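S.K.: Here it is, the structure in full.
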Amino acid sequence: MTSLSTGKIGEEKAAEHLKKLGYKIVSKNFRTKLGEIDIIALEKEILIFVEVKTRTSLLYGHPADAVTAKKLRSLIKACHIFLSKEKQYKDFRIDVLEVFLLDTYNYKINHIKNITI
């Protein structure tokens, strides 16, 4: 599995997970010049910006370890760009979904809500 295919599979599993929890997917792979937001979802009235990090092993640490302060700052800027275009949303938070892929069919998800710098 390449890192690109691993990432795409992880994003698919993350979106499925959110839907099972009752979230509505608003957008996937929202791109700005500052970066990309993997998933944007709605939980009741709260807009959730989701960063998905996928790993097939813990050799290089937990997936969330890759969400550095620098990455989070650029993600926040991308969130503000989305919110400036979609003014109907007032409340938001940023979540990280760690996807541990054991193989194509077996995986585990750790949902970290409201991540901050």
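Naming scheme: A, B, ... for chains in displayed order of the structure tokens; residues 1 onward per chain; ligands 1 onward as shown.
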Just want the 12 Å neighbourhood of Leu58 in chain A, counted on only C-alpha atoms, with same-chain residues fewer than 3 positions away dropped. Output as a PyMOL selection string.

M.R.: chain A and resi 54-55+61-66+98-102

S.K.: Give me a file of those residues, with C-alpha atoms, as a short mmCIF file (atom, residue, chain, number, x, y, z; two decimals), in the first residue's frame.

M.R.:
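Below is the file result-v4.cif, written as the result:
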data_model
loop_
_atom_site.label_atom_id
_atom_site.label_comp_id
_atom_site.auth_asym_id
_atom_site.auth_seq_id
_atom_site.Cartn_x
_atom_site.Cartn_y
_atom_site.Cartn_z
CA THR A 54 -3.70 7.25 8.92
CA ARG A 55 -0.98 4.79 9.85
CA GLY A 61 4.46 7.35 16.44
CA HIS A 62 0.74 7.84 16.72
CA PRO A 63 -1.06 9.45 13.79
CA ALA A 64 -2.07 12.53 15.81
CA ASP A 65 1.60 13.23 16.51
CA ALA A 66 1.79 14.43 12.90
CA GLU A 98 -6.53 8.68 13.88
CA VAL A 99 -7.07 5.72 11.59
CA PHE A 100 -5.03 2.61 12.31
CA LEU A 101 -5.15 0.36 9.23
CA LEU A 102 -4.36 -3.26 9.94
#

S.K.: Within 12 Å of range 9-25 of chain A, counting only C-alpha atoms, which residues show up once you throw out same-chain ones fewer than 5 positions away? Write them as a ChimeraX atom specification, please.

M.R.: /A:1-4,30,37-56,63,95-111

S.K.: Using C-alpha atoms, can you write the selected residues to a file as a JSON list (two decimals), in the first residue's frame?

M.R.:
[["chain", "number", "residue", "atom", "x", "y", "z"],
["A", 1, "MET", "CA", 0.00, 0.00, 0.00],
["A", 2, "THR", "CA", 1.42, 3.42, -0.91],
["A", 3, "SER", "CA", 1.13, 6.33, 1.50],
["A", 4, "LEU", "CA", -1.31, 8.01, -0.91],
["A", 30, "PHE", "CA", -11.50, 21.34, 0.70],
["A", 37, "ILE", "CA", -9.16, 20.23, 5.09],
["A", 38, "ASP", "CA", -9.75, 16.49, 4.82],
["A", 39, "ILE", "CA", -13.39, 16.40, 5.92],
["A", 40, "ILE", "CA", -15.88, 19.07, 6.91],
["A", 41, "ALA", "CA", -18.89, 17.68, 8.75],
["A", 42, "LEU", "CA", -21.89, 18.93, 10.66],
["A", 43, "GLU", "CA", -22.78, 17.59, 14.10],
["A", 44, "LYS", "CA", -26.14, 19.13, 14.96],
["A", 45, "GLU", "CA", -25.37, 22.87, 14.63],
["A", 46, "ILE", "CA", -21.59, 22.61, 15.03],
["A", 47, "LEU", "CA", -19.30, 22.56, 12.01],
["A", 48, "ILE", "CA", -16.45, 20.08, 12.46],
["A", 49, "PHE", "CA", -13.21, 20.44, 10.55],
["A", 50, "VAL", "CA", -11.55, 17.03, 10.53],
["A", 51, "GLU", "CA", -7.89, 16.24, 9.99],
["A", 52, "VAL", "CA", -7.45, 12.55, 9.20],
["A", 53, "LYS", "CA", -4.14, 10.87, 9.96],
["A", 54, "THR", "CA", -3.70, 7.25, 8.92],
["A", 55, "ARG", "CA", -0.98, 4.79, 9.85],
["A", 56, "THR", "CA", -0.36, 1.12, 9.23],
["A", 63, "PRO", "CA", -1.06, 9.45, 13.79],
["A", 95, "ASP", "CA", -11.11, 17.20, 15.40],
["A", 96, "VAL", "CA", -8.44, 14.68, 14.52],
["A", 97, "LEU", "CA", -9.34, 11.16, 13.50],
["A", 98, "GLU", "CA", -6.53, 8.68, 13.88],
["A", 99, "VAL", "CA", -7.07, 5.72, 11.59],
["A", 100, "PHE", "CA", -5.03, 2.61, 12.31],
["A", 101, "LEU", "CA", -5.15, 0.36, 9.23],
["A", 102, "LEU", "CA", -4.36, -3.26, 9.94],
["A", 103, "ASP", "CA", -5.33, -4.20, 6.39],
["A", 104, "THR", "CA", -7.97, -3.09, 3.88],
["A", 105, "TYR", "CA", -10.85, -4.44, 5.98],
["A", 106, "ASN", "CA", -9.60, -4.20, 9.56],
["A", 107, "TYR", "CA", -9.06, -0.82, 11.14],
["A", 108, "LYS", "CA", -9.47, 1.13, 14.35],
["A", 109, "ILE", "CA", -10.41, 4.79, 14.72],
["A", 110, "ASN", "CA", -9.55, 7.12, 17.57],
["A", 111, "HIS", "CA", -11.61, 10.33, 17.47]]

S.K.: As a PyMOL selection string, which residues of chain A does DSSP assign to alpha helix (DSSP H)?

M.R.: chain A and resi 3-20+69-85

S.K.: Which distance in Å separates CA of Val67 in chain A and CA of Lys90 in chain A, to one decimal?

M.R.: 24.3 Å

S.K.: Quick check for you: according to DSSP on this backbone, which residues of range 3-35 of chain A are classed as strand (DSSP E)? Reply as a PyMOL selection string.

M.R.: chain A and resi 24-32+35

S.K.: Keeping only C-alpha atoms, take the residues you just selected and write them out as a short mmCIF file (atom, residue, chain, number, x, y, z; two decimals), in the first residue's frame.

M.R.:
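Contents of part_10.cif, as written:
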data_model
loop_
_atom_site.label_atom_id
_atom_site.label_comp_id
_atom_site.auth_asym_id
_atom_site.auth_seq_id
_atom_site.Cartn_x
_atom_site.Cartn_y
_atom_site.Cartn_z
CA LYS A 24 -23.51 15.02 7.95
CA ILE A 25 -20.57 15.31 5.55
CA VAL A 26 -20.52 18.85 4.12
CA SER A 27 -17.29 18.63 2.09
CA LYS A 28 -14.24 16.47 1.52
CA ASN A 29 -10.75 17.60 0.54
CA PHE A 30 -11.50 21.34 0.70
CA ARG A 31 -8.39 22.92 -0.81
CA THR A 32 -7.01 26.39 -0.22
CA GLY A 35 -3.63 23.65 2.68
#

S.K.: Between A:Leu83, A:Asp91, A:Ile115, A:Ser57, single out the one closest to Lys71 in chain A, counting only C-alpha atoms.

M.R.: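 The closest residue to Lys71 in chain A is A:Ile115.
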